[in-house]
file final_13.txt (compact mmCIF, N, CA and C atoms)
# COMPACT_ATOMS: atom_id res chain seq x y z
N MET A 540 -31.40 -135.57 -41.86
CA MET A 540 -31.95 -136.86 -42.19
C MET A 540 -30.93 -137.71 -42.92
N GLY A 541 -30.50 -137.34 -44.07
CA GLY A 541 -29.52 -138.12 -44.81
C GLY A 541 -30.14 -138.86 -45.97
N LEU A 542 -29.28 -139.44 -46.72
CA LEU A 542 -29.72 -140.20 -47.88
C LEU A 542 -30.16 -141.60 -47.47
N PRO A 543 -31.09 -142.20 -48.24
CA PRO A 543 -31.49 -143.57 -47.91
C PRO A 543 -30.35 -144.54 -48.18
N ALA A 544 -30.38 -145.64 -47.49
CA ALA A 544 -29.34 -146.65 -47.67
C ALA A 544 -29.44 -147.27 -49.06
N VAL A 545 -28.32 -147.76 -49.55
CA VAL A 545 -28.29 -148.37 -50.88
C VAL A 545 -29.21 -149.58 -50.93
N SER A 546 -29.25 -150.37 -49.84
CA SER A 546 -30.08 -151.57 -49.84
C SER A 546 -31.56 -151.21 -49.95
N SER A 547 -31.99 -150.12 -49.30
CA SER A 547 -33.39 -149.74 -49.42
C SER A 547 -33.70 -149.23 -50.82
N ALA A 548 -32.76 -148.55 -51.44
CA ALA A 548 -32.97 -148.09 -52.82
C ALA A 548 -33.06 -149.28 -53.77
N ILE A 549 -32.24 -150.29 -53.54
CA ILE A 549 -32.30 -151.49 -54.38
C ILE A 549 -33.63 -152.20 -54.19
N GLU A 550 -34.10 -152.28 -52.95
CA GLU A 550 -35.40 -152.92 -52.70
C GLU A 550 -36.52 -152.19 -53.42
N ILE A 551 -36.49 -150.88 -53.40
CA ILE A 551 -37.53 -150.09 -54.06
C ILE A 551 -37.49 -150.33 -55.57
N VAL A 552 -36.30 -150.33 -56.15
CA VAL A 552 -36.17 -150.57 -57.59
C VAL A 552 -36.65 -151.97 -57.94
N MET A 553 -36.28 -152.96 -57.14
CA MET A 553 -36.71 -154.33 -57.41
C MET A 553 -38.23 -154.46 -57.32
N LYS A 554 -38.84 -153.81 -56.36
CA LYS A 554 -40.31 -153.85 -56.25
C LYS A 554 -40.96 -153.21 -57.47
N LEU A 555 -40.42 -152.07 -57.90
CA LEU A 555 -40.98 -151.41 -59.07
C LEU A 555 -40.83 -152.26 -60.33
N LEU A 556 -39.65 -152.87 -60.50
CA LEU A 556 -39.45 -153.75 -61.64
C LEU A 556 -40.38 -154.95 -61.59
N TYR A 557 -40.54 -155.54 -60.41
CA TYR A 557 -41.41 -156.70 -60.28
C TYR A 557 -42.85 -156.33 -60.60
N GLU A 558 -43.30 -155.17 -60.11
CA GLU A 558 -44.67 -154.73 -60.40
C GLU A 558 -44.85 -154.48 -61.89
N GLN A 559 -43.85 -153.87 -62.53
CA GLN A 559 -43.94 -153.59 -63.96
C GLN A 559 -43.99 -154.88 -64.76
N ILE A 560 -43.13 -155.82 -64.42
CA ILE A 560 -43.08 -157.09 -65.16
C ILE A 560 -44.35 -157.90 -64.91
N SER A 561 -44.80 -157.96 -63.66
CA SER A 561 -45.98 -158.78 -63.36
C SER A 561 -47.24 -158.14 -63.92
N SER A 562 -47.27 -156.82 -64.05
CA SER A 562 -48.47 -156.18 -64.62
C SER A 562 -48.59 -156.44 -66.11
N THR A 563 -47.49 -156.74 -66.77
CA THR A 563 -47.55 -157.04 -68.20
C THR A 563 -47.78 -158.52 -68.46
N GLY A 564 -47.85 -159.31 -67.39
CA GLY A 564 -48.16 -160.73 -67.54
C GLY A 564 -46.97 -161.60 -67.86
N LEU A 565 -45.76 -161.13 -67.61
CA LEU A 565 -44.59 -161.93 -67.92
C LEU A 565 -44.29 -162.97 -66.85
N ILE A 566 -44.76 -162.74 -65.62
CA ILE A 566 -44.49 -163.69 -64.55
C ILE A 566 -45.75 -164.51 -64.31
N LEU A 567 -45.75 -165.72 -64.78
CA LEU A 567 -46.85 -166.66 -64.56
C LEU A 567 -46.24 -168.00 -64.20
N LEU A 568 -46.44 -168.44 -62.99
CA LEU A 568 -45.94 -169.73 -62.54
C LEU A 568 -44.46 -169.91 -62.81
N GLY A 569 -43.66 -168.99 -62.29
CA GLY A 569 -42.22 -169.12 -62.44
C GLY A 569 -41.64 -168.32 -63.59
N GLY A 570 -42.41 -167.61 -64.34
CA GLY A 570 -41.89 -166.78 -65.41
C GLY A 570 -42.09 -167.40 -66.77
N SER A 571 -42.15 -166.55 -67.76
CA SER A 571 -42.34 -167.03 -69.13
C SER A 571 -41.01 -167.45 -69.73
N VAL A 572 -41.09 -168.11 -70.86
CA VAL A 572 -39.88 -168.55 -71.55
C VAL A 572 -39.05 -167.35 -71.99
N THR A 573 -39.72 -166.29 -72.43
CA THR A 573 -39.02 -165.09 -72.87
C THR A 573 -38.24 -164.46 -71.71
N LEU A 574 -38.85 -164.43 -70.55
CA LEU A 574 -38.18 -163.85 -69.38
C LEU A 574 -36.97 -164.68 -68.99
N LYS A 575 -37.10 -166.01 -69.05
CA LYS A 575 -35.97 -166.88 -68.70
C LYS A 575 -34.85 -166.74 -69.72
N ARG A 576 -35.19 -166.59 -70.98
CA ARG A 576 -34.16 -166.36 -72.00
C ARG A 576 -33.47 -165.02 -71.76
N GLY A 577 -34.23 -164.05 -71.30
CA GLY A 577 -33.66 -162.75 -70.98
C GLY A 577 -32.63 -162.84 -69.87
N TYR A 578 -32.92 -163.67 -68.85
CA TYR A 578 -31.95 -163.88 -67.77
C TYR A 578 -30.66 -164.47 -68.33
N VAL A 579 -30.77 -165.43 -69.23
CA VAL A 579 -29.58 -166.06 -69.80
C VAL A 579 -28.79 -165.06 -70.63
N VAL A 580 -29.48 -164.21 -71.39
CA VAL A 580 -28.79 -163.20 -72.20
C VAL A 580 -28.08 -162.19 -71.30
N ILE A 581 -28.74 -161.75 -70.25
CA ILE A 581 -28.12 -160.80 -69.32
C ILE A 581 -26.91 -161.44 -68.65
N PHE A 582 -27.04 -162.71 -68.28
CA PHE A 582 -25.92 -163.42 -67.65
C PHE A 582 -24.74 -163.53 -68.62
N ALA A 583 -25.02 -163.83 -69.89
CA ALA A 583 -23.96 -163.93 -70.89
C ALA A 583 -23.29 -162.57 -71.12
N GLN A 584 -24.07 -161.51 -71.14
CA GLN A 584 -23.49 -160.17 -71.31
C GLN A 584 -22.60 -159.81 -70.13
N PHE A 585 -23.04 -160.17 -68.93
CA PHE A 585 -22.22 -159.90 -67.75
C PHE A 585 -20.92 -160.70 -67.83
N GLY A 586 -21.00 -161.93 -68.32
CA GLY A 586 -19.79 -162.74 -68.49
C GLY A 586 -18.82 -162.10 -69.46
N LEU A 587 -19.33 -161.50 -70.52
CA LEU A 587 -18.48 -160.81 -71.48
C LEU A 587 -17.82 -159.58 -70.83
N ILE A 588 -18.56 -158.87 -70.02
CA ILE A 588 -17.99 -157.72 -69.31
C ILE A 588 -16.88 -158.17 -68.37
N VAL A 589 -17.11 -159.27 -67.65
CA VAL A 589 -16.09 -159.81 -66.75
C VAL A 589 -14.84 -160.18 -67.55
N PHE A 590 -15.03 -160.80 -68.71
CA PHE A 590 -13.90 -161.18 -69.56
C PHE A 590 -13.10 -159.95 -69.98
N PHE A 591 -13.77 -158.87 -70.38
CA PHE A 591 -13.07 -157.66 -70.81
C PHE A 591 -12.35 -156.98 -69.64
N VAL A 592 -12.98 -156.94 -68.47
CA VAL A 592 -12.33 -156.34 -67.30
C VAL A 592 -11.10 -157.14 -66.92
N TYR A 593 -11.19 -158.47 -66.99
CA TYR A 593 -10.04 -159.30 -66.69
C TYR A 593 -8.91 -159.05 -67.71
N GLY A 594 -9.27 -158.92 -68.98
CA GLY A 594 -8.26 -158.62 -70.00
C GLY A 594 -7.59 -157.28 -69.78
N LEU A 595 -8.37 -156.27 -69.43
CA LEU A 595 -7.81 -154.95 -69.14
C LEU A 595 -6.88 -155.02 -67.93
N SER A 596 -7.28 -155.78 -66.93
CA SER A 596 -6.47 -155.93 -65.73
C SER A 596 -5.16 -156.65 -66.04
N ALA A 597 -5.22 -157.69 -66.85
CA ALA A 597 -4.00 -158.43 -67.23
C ALA A 597 -3.07 -157.53 -68.04
N GLU A 598 -3.63 -156.74 -68.93
CA GLU A 598 -2.81 -155.82 -69.73
C GLU A 598 -2.16 -154.76 -68.83
N TYR A 599 -2.90 -154.25 -67.86
CA TYR A 599 -2.36 -153.24 -66.95
C TYR A 599 -1.18 -153.80 -66.16
N ARG A 600 -1.31 -155.03 -65.68
CA ARG A 600 -0.25 -155.63 -64.87
C ARG A 600 1.01 -155.93 -65.68
N SER A 601 0.86 -156.12 -66.99
CA SER A 601 2.04 -156.47 -67.80
C SER A 601 2.60 -155.29 -68.59
N ASN A 602 1.98 -154.13 -68.53
CA ASN A 602 2.39 -153.00 -69.35
C ASN A 602 2.87 -151.86 -68.45
N ALA A 603 4.17 -151.64 -68.41
CA ALA A 603 4.74 -150.59 -67.56
C ALA A 603 4.31 -149.19 -68.01
N TYR A 604 4.15 -148.98 -69.31
CA TYR A 604 3.73 -147.66 -69.81
C TYR A 604 2.30 -147.34 -69.37
N GLN A 605 1.44 -148.34 -69.42
CA GLN A 605 0.07 -148.11 -68.98
C GLN A 605 0.02 -147.85 -67.47
N GLN A 606 0.83 -148.55 -66.70
CA GLN A 606 0.88 -148.32 -65.26
C GLN A 606 1.35 -146.90 -64.95
N ASP A 607 2.36 -146.44 -65.68
CA ASP A 607 2.88 -145.09 -65.48
C ASP A 607 1.83 -144.04 -65.87
N TRP A 608 1.16 -144.26 -66.98
CA TRP A 608 0.14 -143.30 -67.44
C TRP A 608 -0.99 -143.19 -66.43
N ILE A 609 -1.47 -144.34 -65.94
CA ILE A 609 -2.56 -144.30 -64.96
C ILE A 609 -2.09 -143.68 -63.66
N LEU A 610 -0.85 -143.93 -63.27
CA LEU A 610 -0.31 -143.32 -62.05
C LEU A 610 -0.28 -141.80 -62.16
N ARG A 611 0.06 -141.28 -63.35
CA ARG A 611 0.12 -139.83 -63.53
C ARG A 611 -1.24 -139.20 -63.76
N LYS A 612 -2.09 -139.83 -64.56
CA LYS A 612 -3.35 -139.20 -64.99
C LYS A 612 -4.54 -139.51 -64.08
N ALA A 613 -4.65 -140.75 -63.61
CA ALA A 613 -5.81 -141.15 -62.80
C ALA A 613 -5.39 -142.17 -61.75
N PRO A 614 -4.74 -141.72 -60.70
CA PRO A 614 -4.22 -142.67 -59.70
C PRO A 614 -5.32 -143.48 -59.00
N TRP A 615 -6.52 -142.94 -58.91
CA TRP A 615 -7.62 -143.67 -58.28
C TRP A 615 -8.04 -144.88 -59.10
N LEU A 616 -7.71 -144.90 -60.37
CA LEU A 616 -8.09 -146.00 -61.25
C LEU A 616 -7.25 -147.25 -61.03
N GLN A 617 -6.11 -147.10 -60.36
CA GLN A 617 -5.24 -148.24 -60.11
C GLN A 617 -5.94 -149.36 -59.35
N TYR A 618 -6.76 -148.99 -58.41
CA TYR A 618 -7.44 -150.00 -57.60
C TYR A 618 -8.36 -150.88 -58.47
N PHE A 619 -8.97 -150.29 -59.48
CA PHE A 619 -9.92 -151.03 -60.31
C PHE A 619 -9.24 -151.92 -61.35
N VAL A 620 -8.06 -151.53 -61.82
CA VAL A 620 -7.41 -152.30 -62.89
C VAL A 620 -6.29 -153.20 -62.40
N ASN A 621 -6.05 -153.25 -61.08
CA ASN A 621 -4.95 -154.08 -60.61
C ASN A 621 -5.36 -155.52 -60.32
N GLY A 622 -6.59 -155.89 -60.56
CA GLY A 622 -7.01 -157.27 -60.41
C GLY A 622 -8.10 -157.49 -59.39
N TYR A 623 -8.27 -156.56 -58.47
CA TYR A 623 -9.29 -156.74 -57.44
C TYR A 623 -10.71 -156.72 -58.03
N LEU A 624 -10.95 -155.80 -58.92
CA LEU A 624 -12.29 -155.71 -59.53
C LEU A 624 -12.58 -156.93 -60.37
N ALA A 625 -11.60 -157.40 -61.12
CA ALA A 625 -11.80 -158.58 -61.96
C ALA A 625 -12.10 -159.80 -61.11
N ALA A 626 -11.39 -159.97 -60.01
CA ALA A 626 -11.62 -161.11 -59.14
C ALA A 626 -13.01 -161.05 -58.50
N MET A 627 -13.41 -159.86 -58.07
CA MET A 627 -14.73 -159.70 -57.46
C MET A 627 -15.83 -159.98 -58.48
N LEU A 628 -15.69 -159.46 -59.69
CA LEU A 628 -16.70 -159.69 -60.73
C LEU A 628 -16.76 -161.16 -61.13
N LEU A 629 -15.62 -161.83 -61.14
CA LEU A 629 -15.61 -163.25 -61.45
C LEU A 629 -16.36 -164.04 -60.38
N GLY A 630 -16.18 -163.67 -59.13
CA GLY A 630 -16.93 -164.31 -58.05
C GLY A 630 -18.43 -164.08 -58.17
N VAL A 631 -18.83 -162.87 -58.51
CA VAL A 631 -20.25 -162.58 -58.72
C VAL A 631 -20.80 -163.37 -59.91
N PHE A 632 -20.00 -163.50 -60.96
CA PHE A 632 -20.40 -164.25 -62.15
C PHE A 632 -20.62 -165.73 -61.81
N ILE A 633 -19.69 -166.31 -61.07
CA ILE A 633 -19.83 -167.71 -60.69
C ILE A 633 -21.04 -167.90 -59.77
N GLY A 634 -21.21 -167.01 -58.80
CA GLY A 634 -22.37 -167.09 -57.91
C GLY A 634 -23.68 -166.93 -58.67
N GLY A 635 -23.71 -166.02 -59.63
CA GLY A 635 -24.91 -165.85 -60.45
C GLY A 635 -25.20 -167.08 -61.29
N GLY A 636 -24.16 -167.73 -61.78
CA GLY A 636 -24.35 -168.96 -62.54
C GLY A 636 -24.94 -170.06 -61.69
N VAL A 637 -24.47 -170.16 -60.44
CA VAL A 637 -25.03 -171.16 -59.53
C VAL A 637 -26.49 -170.87 -59.25
N LEU A 638 -26.83 -169.60 -59.01
CA LEU A 638 -28.22 -169.24 -58.75
C LEU A 638 -29.11 -169.46 -59.97
N LEU A 639 -28.59 -169.15 -61.15
CA LEU A 639 -29.35 -169.36 -62.39
C LEU A 639 -29.60 -170.85 -62.62
N ALA A 640 -28.58 -171.68 -62.37
CA ALA A 640 -28.74 -173.13 -62.53
C ALA A 640 -29.72 -173.69 -61.49
N ALA A 641 -29.65 -173.18 -60.26
CA ALA A 641 -30.57 -173.65 -59.22
C ALA A 641 -32.00 -173.28 -59.58
N ASP A 642 -32.21 -172.09 -60.10
CA ASP A 642 -33.55 -171.68 -60.52
C ASP A 642 -34.06 -172.55 -61.67
N TYR A 643 -33.16 -172.88 -62.59
CA TYR A 643 -33.53 -173.74 -63.72
C TYR A 643 -33.98 -175.11 -63.22
N TRP A 644 -33.18 -175.72 -62.33
CA TRP A 644 -33.52 -177.06 -61.83
C TRP A 644 -34.79 -177.03 -60.99
N ARG A 645 -35.00 -175.97 -60.20
CA ARG A 645 -36.20 -175.87 -59.38
C ARG A 645 -37.45 -175.78 -60.25
N ASN A 646 -37.40 -174.96 -61.29
CA ASN A 646 -38.55 -174.83 -62.17
C ASN A 646 -38.75 -176.06 -63.04
N LYS A 647 -37.67 -176.72 -63.41
CA LYS A 647 -37.78 -177.94 -64.21
C LYS A 647 -38.49 -179.04 -63.41
N ASN A 648 -38.14 -179.17 -62.14
CA ASN A 648 -38.78 -180.17 -61.29
C ASN A 648 -40.24 -179.82 -61.01
N LYS A 649 -40.55 -178.54 -60.91
CA LYS A 649 -41.93 -178.11 -60.69
C LYS A 649 -42.80 -178.50 -61.87
N LYS A 650 -42.32 -178.23 -63.06
CA LYS A 650 -43.11 -178.50 -64.26
C LYS A 650 -43.32 -179.99 -64.46
N SER A 651 -42.31 -180.80 -64.16
CA SER A 651 -42.46 -182.23 -64.37
C SER A 651 -43.43 -182.85 -63.38
N SER A 652 -43.58 -182.22 -62.19
CA SER A 652 -44.49 -182.78 -61.20
C SER A 652 -45.93 -182.44 -61.51
N LEU A 653 -46.17 -181.49 -62.43
CA LEU A 653 -47.53 -181.08 -62.74
C LEU A 653 -48.11 -181.79 -63.96
N ARG A 654 -47.38 -182.72 -64.53
CA ARG A 654 -47.89 -183.43 -65.70
C ARG A 654 -49.07 -184.30 -65.32
N THR A 655 -50.01 -184.39 -66.23
CA THR A 655 -51.18 -185.25 -66.01
C THR A 655 -51.22 -186.34 -67.04
N VAL A 656 -51.82 -187.43 -66.67
CA VAL A 656 -51.97 -188.54 -67.61
C VAL A 656 -53.21 -188.25 -68.43
N GLY A 657 -53.08 -188.24 -69.71
CA GLY A 657 -54.22 -187.84 -70.52
C GLY A 657 -54.47 -188.80 -71.56
call {"tool": "encode", "arguments": {"input": "final_13.txt", "output": "structure tokens"}}
result
Amino acid sequence: MGLPAVSSAIEIVMKLLYEQISSTGLILLGGSVTLKRGYVVIFAQFGLIVFFVYGLSAEYRSNAYQQDWILRKAPWLQYFVNGYLAAMLLGVFIGGGVLLAADYWRNKNKKSSLRTVG
């Protein structure tokens, strides 16, 4: 048979998380303020991780001793610290920022259209 695909495992996890969050009442008409703040905090933490990975990558490229040590001790690690991982994570960070901003503007427009004259 084999192992399930990664995409199906991600779908299962996302469904379970969605059920857990929605059962506690956090998702009501686009999500609560606490949930939206959580997204921003998670996004900021990911940005910090990207910053540190980029710094490690820059240090690796400029430090001959570190390059030699990694070559001798963990040659498989070269692929992750030579800049490819940092560039990929930066792309994911920028894409996530665009999606987060789009979600913000979509929900902002939804709320403004539901105002009533009172």
call {"tool": "residues_around", "arguments": {"input": "final_13.txt", "residues": "Phe582 in chain A", "least_positions_apart": "6", "cutoff": "8 Å", "atoms": "only N, CA and C atoms", "output": "PyMOL selection string"}}
result
chain A and resi 576+588+632+635-636
call {"tool": "atom_distance", "arguments": {"input": "final_13.txt", "atom1": "atom C of Ile551 in chain A", "atom2": "CA of Gly586 in chain A"}}
result
25.2 Å
call {"tool": "closest_residue", "arguments": {"input": "final_13.txt", "among": "A:Thr573, A:Asn602, A:Ser596, A:Gln584", "to": "Tyr618 in chain A", "atoms": "only C-alpha atoms"}}
result
A:Ser596
call {"tool": "atom_distance", "arguments": {"input": "final_13.txt", "atom1": "atom N of Tyr578 in chain A", "atom2": "atom N of Lys647 in chain A"}}
result
14.9 Å
call {"tool": "atom_distance", "arguments": {"input": "final_13.txt", "atom1": "CA of Leu574 in chain A", "atom2": "CA of Phe591 in chain A"}}
result
25.9 Å
call {"tool": "closest_residue", "arguments": {"input": "final_13.txt", "among": "A:Lys575, A:Leu587, A:Val592, A:Lys554", "to": "Ala626 in chain A", "atoms": "only C-alpha atoms"}}
result
A:Val592
call {"tool": "closest_residue", "arguments": {"input": "final_13.txt", "among": "A:Leu628, A:Glu550, A:Val579, A:Tyr599", "to": "Asp642 in chain A", "atoms": "only C-alpha atoms"}}
result
A:Val579
call {"tool": "closest_residue", "arguments": {"input": "final_13.txt", "among": "A:Val620, A:Ala613, A:Val637, A:Leu629", "to": "Ala597 in chain A", "atoms": "only N, CA and C atoms"}}
result
A:Val620
call {"tool": "axis_aligned_box", "arguments": {"input": "final_13.txt", "around": "range 599-605 of chain A", "padding_each_side": "3 Å", "output": "JSON"}}
result
{"center_x": 0.9, "center_y": -151.9, "center_z": -67.3, "size_x": 13.6, "size_y": 15.1, "size_z": 10.9}
